[in-house]
file structure00.txt (compact mmCIF, C-alpha atoms)
# COMPACT_ATOMS: atom_id res chain seq x y z
CA MET S 16 -28.96 34.74 -16.01
CA ALA S 17 -25.91 36.01 -14.13
CA THR S 18 -27.12 34.33 -10.95
CA LEU S 19 -27.59 31.05 -12.83
CA ALA S 20 -24.09 31.31 -14.35
CA VAL S 21 -22.58 31.74 -10.90
CA THR S 22 -24.67 28.94 -9.37
CA ARG S 23 -23.58 26.32 -11.91
CA PRO S 24 -19.82 26.60 -11.21
CA LEU S 25 -20.56 26.48 -7.48
CA ALA S 26 -22.65 23.34 -7.96
CA VAL S 27 -19.90 21.76 -10.07
CA ARG S 28 -17.30 22.54 -7.40
CA ARG S 29 -19.52 21.07 -4.69
CA VAL S 30 -20.01 17.87 -6.69
CA GLY S 31 -16.26 17.70 -7.32
CA THR S 32 -15.55 18.15 -3.63
CA TRP S 33 -18.04 15.43 -2.73
CA LEU S 34 -16.56 13.02 -5.28
CA GLY S 35 -13.09 13.77 -3.98
CA LYS S 36 -14.10 12.49 -0.56
CA ILE S 37 -15.20 9.08 -1.86
CA PRO S 38 -11.72 7.51 -1.55
CA TYR S 39 -11.52 8.59 2.09
CA VAL S 40 -14.90 7.00 2.82
CA VAL S 41 -14.05 3.76 1.02
CA LEU S 42 -10.65 3.44 2.71
CA ALA S 43 -12.21 4.19 6.09
CA LEU S 44 -14.69 1.34 5.50
CA TYR S 45 -11.84 -1.02 4.61
CA ALA S 46 -9.95 0.00 7.75
CA LEU S 47 -13.10 -0.54 9.83
CA VAL S 48 -13.68 -3.99 8.32
CA ALA S 49 -10.03 -4.94 8.86
CA ALA S 50 -10.12 -3.80 12.49
CA ILE S 51 -13.54 -4.99 13.61
CA GLY S 52 -14.50 -7.70 11.09
CA PRO S 53 -12.28 -10.48 12.49
CA LEU S 54 -13.66 -9.77 15.96
CA VAL S 55 -17.21 -10.34 14.73
CA ILE S 56 -16.66 -13.20 12.26
CA ASP S 57 -15.18 -16.39 13.65
CA TYR S 58 -13.13 -18.10 10.99
CA ASN S 59 -10.47 -20.80 10.89
CA PRO S 60 -8.71 -20.99 7.49
CA ILE S 61 -7.52 -24.52 8.21
CA ARG S 62 -10.94 -26.00 9.06
CA THR S 63 -12.92 -27.34 6.11
CA SER S 64 -16.54 -28.41 5.66
CA LEU S 65 -16.89 -30.52 2.54
CA GLU S 66 -20.67 -30.80 2.93
CA ASP S 67 -20.87 -27.01 2.47
CA ARG S 68 -18.53 -26.78 -0.52
CA LEU S 69 -19.32 -24.57 -3.53
CA LEU S 70 -22.47 -23.06 -2.06
CA LYS S 71 -23.86 -20.03 -3.88
CA PRO S 72 -24.02 -16.61 -2.17
CA GLY S 73 -26.90 -16.50 0.29
CA SER S 74 -27.04 -20.28 0.81
CA HIS S 75 -27.61 -21.85 4.21
CA LEU S 76 -24.77 -23.74 5.87
CA SER S 77 -25.05 -27.10 7.59
CA SER S 78 -24.25 -25.34 10.86
CA GLY S 79 -27.36 -23.16 10.51
CA GLY S 80 -25.61 -19.97 9.38
CA THR S 81 -25.71 -18.21 6.03
CA ALA S 82 -22.92 -18.01 3.48
CA TRP S 83 -23.59 -14.47 2.32
CA LEU S 84 -20.83 -14.61 -0.32
CA GLY S 85 -20.90 -18.36 -0.82
CA THR S 86 -18.25 -20.96 -0.01
CA ASP S 87 -15.14 -22.24 -1.78
CA GLY S 88 -14.12 -25.72 -2.89
CA LEU S 89 -13.37 -26.77 0.69
CA GLY S 90 -16.53 -25.34 2.22
CA ARG S 91 -14.86 -22.26 3.68
CA ASP S 92 -16.84 -19.04 3.89
CA VAL S 93 -15.80 -16.52 1.20
CA LEU S 94 -17.09 -13.54 3.22
CA ALA S 95 -14.79 -14.45 6.10
CA GLN S 96 -11.88 -14.80 3.68
CA VAL S 97 -12.58 -11.35 2.24
CA VAL S 98 -12.76 -9.80 5.74
CA TYR S 99 -9.65 -11.52 7.07
CA GLY S 100 -7.86 -10.86 3.77
CA ALA S 101 -8.51 -7.14 4.20
CA ARG S 102 -6.72 -7.18 7.55
CA THR S 103 -3.80 -9.13 6.07
CA SER S 104 -3.40 -6.81 3.10
CA ILE S 105 -3.64 -3.63 5.15
CA LEU S 106 -1.21 -4.82 7.83
CA ILE S 107 1.35 -6.02 5.32
CA GLY S 108 0.93 -2.85 3.28
CA ILE S 109 1.45 -0.59 6.29
CA ALA S 110 4.42 -2.59 7.58
CA THR S 111 6.13 -2.62 4.19
CA VAL S 112 5.57 1.09 3.57
CA VAL S 113 6.87 1.99 7.04
CA VAL S 114 10.04 -0.09 6.59
CA SER S 115 10.58 1.25 3.07
CA CYS S 116 9.92 4.82 4.19
CA VAL S 117 12.36 4.68 7.10
CA VAL S 118 15.13 3.12 5.02
CA GLY S 119 14.53 5.21 1.91
CA VAL S 120 14.10 8.56 3.65
CA THR S 121 17.20 8.01 5.78
CA ILE S 122 19.42 7.04 2.85
CA GLY S 123 17.97 9.62 0.46
CA THR S 124 18.18 12.52 2.90
CA VAL S 125 21.74 11.79 3.98
CA ALA S 126 22.93 11.18 0.42
CA GLY S 127 21.23 14.29 -0.96
CA TYR S 128 22.52 16.57 1.79
CA PHE S 129 26.12 15.33 2.12
CA ARG S 130 26.54 14.23 -1.53
CA GLY S 131 30.08 12.96 -2.19
CA TRP S 132 30.85 9.24 -2.25
CA LEU S 133 27.64 8.29 -0.46
CA ASP S 134 25.50 9.96 -3.10
CA THR S 135 27.51 8.28 -5.86
CA PHE S 136 27.23 4.89 -4.16
CA LEU S 137 23.46 5.32 -3.78
CA ALA S 138 23.00 6.33 -7.41
CA ARG S 139 24.98 3.33 -8.66
CA GLY S 140 23.16 0.98 -6.27
CA ILE S 141 19.77 2.22 -7.46
CA ASP S 142 20.83 1.77 -11.08
CA ILE S 143 21.81 -1.83 -10.36
CA LEU S 144 18.54 -2.59 -8.56
CA LEU S 145 16.49 -0.96 -11.29
CA ALA S 146 18.16 -3.24 -13.83
CA PHE S 147 16.20 -6.13 -12.28
CA PRO S 148 12.39 -6.21 -12.51
CA ALA S 149 11.04 -5.42 -9.05
CA ILE S 150 8.52 -8.26 -9.02
CA LEU S 151 11.20 -10.76 -10.10
CA LEU S 152 13.51 -9.72 -7.26
CA THR S 153 10.58 -9.94 -4.84
CA ILE S 154 9.71 -13.44 -6.02
CA VAL S 155 13.33 -14.58 -5.64
CA ILE S 156 13.56 -13.28 -2.06
CA ALA S 157 10.14 -14.62 -1.04
CA GLY S 158 10.81 -18.01 -2.62
CA ALA S 159 14.22 -18.42 -0.98
CA PHE S 160 12.85 -18.50 2.56
CA GLU S 161 10.02 -20.16 4.45
CA ARG S 162 6.63 -18.59 3.84
CA SER S 163 5.81 -16.05 6.57
CA VAL S 164 4.60 -12.47 7.02
CA PRO S 165 8.06 -11.03 7.89
CA VAL S 166 9.58 -12.61 4.78
CA VAL S 167 6.85 -11.10 2.60
CA VAL S 168 7.40 -7.65 4.15
CA ILE S 169 11.17 -7.86 3.63
CA ALA S 170 10.75 -9.10 0.06
CA LEU S 171 8.39 -6.27 -0.81
CA ALA S 172 10.46 -3.62 0.99
CA ALA S 173 13.64 -4.76 -0.79
CA THR S 174 12.67 -2.66 -3.81
CA ALA S 175 9.99 -0.32 -2.44
CA TRP S 176 12.54 1.81 -0.53
CA ILE S 177 14.12 2.98 -3.80
CA SER S 178 11.25 5.34 -4.63
CA PHE S 179 11.43 6.98 -1.20
CA ALA S 180 15.21 7.37 -1.48
CA ARG S 181 14.99 9.00 -4.91
CA VAL S 182 12.27 11.45 -3.84
CA THR S 183 13.96 12.50 -0.59
CA ARG S 184 17.36 12.76 -2.29
CA SER S 185 15.89 15.14 -4.87
CA VAL S 186 14.26 17.27 -2.16
CA SER S 187 17.43 17.29 -0.04
CA LEU S 188 19.55 18.43 -2.98
CA SER S 189 17.28 21.44 -3.35
CA LEU S 190 17.03 22.22 0.36
CA ARG S 191 20.76 22.13 1.08
CA GLU S 192 21.16 25.30 -1.01
CA ARG S 193 18.41 27.24 0.75
CA ALA S 194 19.19 30.34 2.80
CA TRP S 195 17.96 28.98 6.13
CA VAL S 196 20.12 25.89 5.78
CA ASP S 197 23.17 28.03 4.97
CA ALA S 198 22.38 30.22 7.98
CA ALA S 199 22.20 27.18 10.23
CA ARG S 200 25.59 25.96 8.97
CA VAL S 201 27.14 29.40 9.53
CA LEU S 202 25.80 29.47 13.10
CA GLY S 203 27.50 26.15 13.78
CA VAL S 204 24.37 24.02 14.12
CA ARG S 205 25.20 20.33 14.10
CA ARG S 206 24.56 18.46 10.87
CA THR S 207 22.21 16.05 12.57
CA SER S 208 20.08 18.92 13.83
CA ILE S 209 20.07 20.55 10.41
CA LEU S 210 18.81 17.36 8.83
CA LEU S 211 16.13 16.74 11.45
CA ARG S 212 14.91 20.34 11.78
CA HIS S 213 15.51 21.97 8.39
CA VAL S 214 15.49 19.17 5.80
CA VAL S 215 13.40 16.17 6.86
CA PRO S 216 10.21 18.17 7.69
CA PHE S 217 10.08 19.42 4.09
CA THR S 218 10.13 15.87 2.74
CA ILE S 219 6.95 14.88 4.58
CA GLY S 220 4.54 16.08 1.89
CA PRO S 221 6.11 14.25 -1.07
CA VAL S 222 6.77 11.17 1.09
CA VAL S 223 3.13 10.94 2.24
CA ALA S 224 1.92 11.26 -1.35
CA LEU S 225 4.38 8.59 -2.48
CA ALA S 226 3.48 6.32 0.46
CA THR S 227 -0.15 6.06 -0.67
CA LEU S 228 0.88 5.00 -4.17
CA GLU S 229 3.45 2.54 -2.83
CA PHE S 230 0.81 1.11 -0.48
CA ALA S 231 -1.38 0.23 -3.45
CA LEU S 232 1.54 -1.40 -5.27
CA VAL S 233 2.51 -3.36 -2.16
CA VAL S 234 -1.02 -4.69 -1.62
CA LEU S 235 -1.21 -5.73 -5.26
CA ALA S 236 2.24 -7.36 -5.12
CA GLU S 237 1.36 -9.28 -1.94
CA ALA S 238 -1.78 -10.62 -3.60
CA GLY S 239 0.34 -11.66 -6.57
CA LEU S 240 2.81 -13.54 -4.37
CA SER S 241 0.00 -15.31 -2.53
CA PHE S 242 -1.65 -16.16 -5.85
CA LEU S 243 1.59 -17.82 -6.96
CA GLY S 244 1.79 -19.74 -3.68
CA ILE S 245 5.06 -18.18 -2.46
CA GLY S 246 3.67 -15.51 -0.19
CA LEU S 247 1.88 -16.22 3.06
CA PRO S 248 1.53 -19.63 4.75
CA PRO S 249 -1.81 -21.51 4.56
CA SER S 250 -2.62 -20.41 8.12
CA ALA S 251 -2.85 -16.79 6.95
CA VAL S 252 -5.74 -15.53 4.82
CA SER S 253 -4.95 -13.51 1.73
CA TRP S 254 -7.02 -12.27 -1.17
CA GLY S 255 -4.42 -13.70 -3.52
CA GLN S 256 -4.81 -17.16 -2.00
CA THR S 257 -8.60 -17.00 -2.21
CA ILE S 258 -8.48 -15.91 -5.85
CA ALA S 259 -6.05 -18.75 -6.62
CA ASN S 260 -8.26 -21.28 -4.85
CA GLY S 261 -11.19 -20.38 -7.05
CA LYS S 262 -9.48 -20.29 -10.46
CA GLN S 263 -10.42 -23.92 -11.18
CA TYR S 264 -14.10 -23.19 -10.42
CA LEU S 265 -14.54 -20.08 -12.57
CA ASP S 266 -17.20 -21.74 -14.71
CA SER S 267 -19.29 -23.16 -11.86
CA ALA S 268 -18.41 -21.04 -8.79
CA TRP S 269 -17.30 -17.64 -10.08
CA TRP S 270 -17.82 -15.94 -6.69
CA ILE S 271 -14.76 -17.57 -5.11
CA SER S 272 -12.32 -15.59 -7.24
CA ALA S 273 -14.54 -12.73 -8.41
CA LEU S 274 -15.61 -11.28 -5.06
CA PRO S 275 -12.12 -11.08 -3.46
CA GLY S 276 -10.92 -9.71 -6.82
CA VAL S 277 -13.55 -6.97 -6.68
CA ALA S 278 -12.55 -6.13 -3.08
CA LEU S 279 -8.88 -5.92 -4.12
CA SER S 280 -9.61 -3.83 -7.20
CA LEU S 281 -11.81 -1.40 -5.27
CA LEU S 282 -9.09 -0.88 -2.68
CA ILE S 283 -6.35 -0.35 -5.29
CA VAL S 284 -8.42 2.09 -7.35
CA ASN S 285 -9.36 4.26 -4.37
CA ILE S 286 -5.80 4.30 -3.02
CA GLY S 287 -4.62 5.35 -6.47
CA ILE S 288 -7.13 8.20 -6.59
CA LEU S 289 -6.13 9.30 -3.09
CA GLY S 290 -2.47 9.15 -4.07
CA ASP S 291 -3.10 11.38 -7.08
CA GLN S 292 -4.91 13.89 -4.90
CA LEU S 293 -2.08 13.97 -2.36
CA THR S 294 0.52 14.24 -5.10
CA ALA S 295 -1.25 17.27 -6.55
CA ARG S 296 -1.56 18.85 -3.11
CA TYR S 297 1.78 17.95 -1.55
CA GLY S 298 4.05 17.86 -4.57
CA ARG S 299 7.26 19.80 -4.71
CA GLY S 300 5.37 23.03 -5.14
CA HIS S 301 5.56 23.71 -1.40
CA LEU S 302 9.32 24.12 -1.75
CA ASN S 303 9.05 27.02 -4.18

call {"tool": "encode", "arguments": {"input": "structure00.txt", "output": "structure tokens"}}
result
Amino acid sequence: MATLAVTRPLAVRRVGTWLGKIPYVVLALYALVAAIGPLVIDYNPIRTSLEDRLLKPGSHLSSGGTAWLGTDGLGRDVLAQVVYGARTSILIGIATVVVSCVVGVTIGTVAGYFRGWLDTFLARGIDILLAFPAILLTIVIAGAFERSVPVVVIALAATAWISFARVTRSVSLSLRERAWVDAARVLGVRRTSILLRHVVPFTIGPVVALATLEFALVVLAEAGLSFLGIGLPPSAVSWGQTIANGKQYLDSAWWISALPGVALSLLIVNIGILGDQLTARYGRGHLN
């Protein structure tokens, strides 16, 4: 009986460990599809084939191929749109998170360490930005300029950097009072070196955990902009555009909107789970 009691917790832990690796596997598959898929599938989002429009998944195309996930109202392959949309979402998500991280970490670290007028200015600026709904500000920025990938990245990063600034500011406020930082100041180490060597490295854990959660929000926001028609140009493929193109065919051709929606939901859910795991592992506990 004792052996059985010990075996059960071990089995539960093994199952929990295996389940915890599922997000890594799913995200690796998405990255693989985004990197290799467009090299294997030839697709032109501008070209249409009206004779192949609204074909069900698994139907044969007039060109002799197979529409594994069906076609949309203009005869375009839904599978190709899902594959190319994965690359678009991942690239925009990474670019936006990198820009937001660089801006937010720089401002938050400097403000938290030096405090004074810069910290006050940052706090008031964040309060002002938080008074506006993030998605509304993003829509205003994206709608004010011509549709392009850089505009979408800038529009999404305009509010995403705030979270990074708040997290790094909080960490910097704690670190500036630590003994090793005081010792570095007493020894005459330059402030830039103190920030780069004794403050910034300790923000990596919380920033990485936050970056995963922000990545999910950015991907979802980009799909929302494309769904509204103010995100990417028609020459770029986006899950949001594909979902929007199929909304008028939900009764007769559900796969046009449903399948890209499932791909988007699966990505968001797994990134969220991964973000929770990283938050639990790399929270502020490492500073204690």

call {"tool": "closest_residue", "arguments": {"input": "structure00.txt", "among": "S:Leu279, S:Leu89, S:Leu144, S:Leu190", "to": "Pro60 of chain S", "atoms": "all atoms listed in the file"}}
result
S:Leu89

call {"tool": "atom_distance", "arguments": {"input": "structure00.txt", "atom1": "atom CA of Ser241 of chain S", "atom2": "atom CA of Gly140 of chain S"}}
result
28.6 Å

call {"tool": "closest_residue", "arguments": {"input": "structure00.txt", "among": "S:Gly220, S:Pro165, S:Gly88, S:Gly73", "to": "Thr111 of chain S", "atoms": "all atoms listed in the file"}}
result
S:Pro165

call {"tool": "axis_aligned_box", "arguments": {"input": "structure00.txt", "around": "segment 110-116 of chain S", "padding_each_side": "8 Å", "output": "JSON"}}
result
{"center_x": 7.5, "center_y": 1.1, "center_z": 5.3, "size_x": 22.2, "size_y": 23.4, "size_z": 20.5}

call {"tool": "residues_around", "arguments": {"input": "structure00.txt", "residues": "Phe230 of chain S", "least_positions_apart": "2", "cutoff": "9 Å", "atoms": "all atoms listed in the file", "output": "MDAnalysis selection string"}}
result
chainID S and resid 105 108:109 111:112 225:228 232:235 283 286

call {"tool": "residues_near_point", "arguments": {"input": "structure00.txt", "point": "(-9.3, 8.4, -4.1)", "cutoff": "10 Å", "atoms": "all atoms listed in the file", "output": "PyMOL selection string"}}
result
chain S and resi 34-42+282-293

call {"tool": "atom_distance", "arguments": {"input": "structure00.txt", "atom1": "atom CA of Ala173 of chain S", "atom2": "atom CA of Thr135 of chain S"}}
result
19.7 Å

call {"tool": "residues_around", "arguments": {"input": "structure00.txt", "residues": "Glu237 of chain S", "least_positions_apart": "3", "cutoff": "8 Å", "atoms": "all atoms listed in the file", "output": "list in words"}}
result
Ser104, Ile107, Val167, Leu171, Val233, Val234, Leu240, Ser241, Gly246 and Gly255 of chain S

call {"tool": "closest_residue", "arguments": {"input": "structure00.txt", "among": "S:Ala180, S:Ile245, S:Gly261, S:Pro216", "to": "Ile156 of chain S", "atoms": "only C-alpha atoms"}}
result
S:Ile245

call {"tool": "closest_residue", "arguments": {"input": "structure00.txt", "among": "S:Phe136, S:Phe129, S:Trp269, S:Trp33", "to": "Lys71 of chain S", "atoms": "all atoms listed in the file"}}
result
S:Trp269

call {"tool": "closest_residue", "arguments": {"input": "structure00.txt", "among": "S:Ala149, S:Val223, S:Val117, S:Leu84", "to": "Arg296 of chain S", "atoms": "all atoms listed in the file"}}
result
S:Val223

call {"tool": "residues_around", "arguments": {"input": "structure00.txt", "residues": "segment 192-199 of chain S", "least_positions_apart": "4", "cutoff": "10 Å", "atoms": "only C-alpha atoms", "output": "MDAnalysis selection string"}}
result
chainID S and resid 128 187:188 203:206 208:210 212:214 302

call {"tool": "residues_around", "arguments": {"input": "structure00.txt", "residues": "Thr257 of chain S", "least_positions_apart": "5", "cutoff": "10 Å", "atoms": "only C-alpha atoms", "output": "mmCIF file with C-alpha atoms, in the frame of the given file"}}
result
data_model
loop_
_atom_site.group_PDB
_atom_site.id
_atom_site.type_symbol
_atom_site.label_atom_id
_atom_site.label_comp_id
_atom_site.auth_asym_id
_atom_site.auth_seq_id
_atom_site.Cartn_x
_atom_site.Cartn_y
_atom_site.Cartn_z
ATOM 1 C CA ASP S 87 -15.140 -22.240 -1.780
ATOM 2 C CA VAL S 93 -15.800 -16.520 1.200
ATOM 3 C CA GLN S 96 -11.880 -14.800 3.680
ATOM 4 C CA VAL S 97 -12.580 -11.350 2.240
ATOM 5 C CA GLY S 100 -7.860 -10.860 3.770
ATOM 6 C CA ALA S 238 -1.780 -10.620 -3.600
ATOM 7 C CA SER S 241 0.000 -15.310 -2.530
ATOM 8 C CA PHE S 242 -1.650 -16.160 -5.850
ATOM 9 C CA VAL S 252 -5.740 -15.530 4.820
ATOM 10 C CA LYS S 262 -9.480 -20.290 -10.460
ATOM 11 C CA ILE S 271 -14.760 -17.570 -5.110
ATOM 12 C CA SER S 272 -12.320 -15.590 -7.240
ATOM 13 C CA ALA S 273 -14.540 -12.730 -8.410
ATOM 14 C CA LEU S 274 -15.610 -11.280 -5.060
ATOM 15 C CA PRO S 275 -12.120 -11.080 -3.460
ATOM 16 C CA GLY S 276 -10.920 -9.710 -6.820
#

call {"tool": "residues_around", "arguments": {"input": "structure00.txt", "residues": "Ala49 of chain S", "least_positions_apart": "3", "cutoff": "9 Å", "atoms": "all atoms listed in the file", "output": "number ranges by chain"}}
result
S: 44-46, 52-53, 98-106

call {"tool": "closest_residue", "arguments": {"input": "structure00.txt", "among": "S:Val201, S:Val215, S:Ala224, S:Leu247", "to": "Val168 of chain S", "atoms": "only C-alpha atoms"}}
result
S:Leu247

call {"tool": "atom_distance", "arguments": {"input": "structure00.txt", "atom1": "atom CA of Leu70 of chain S", "atom2": "atom CA of Gly90 of chain S"}}
result
7.7 Å
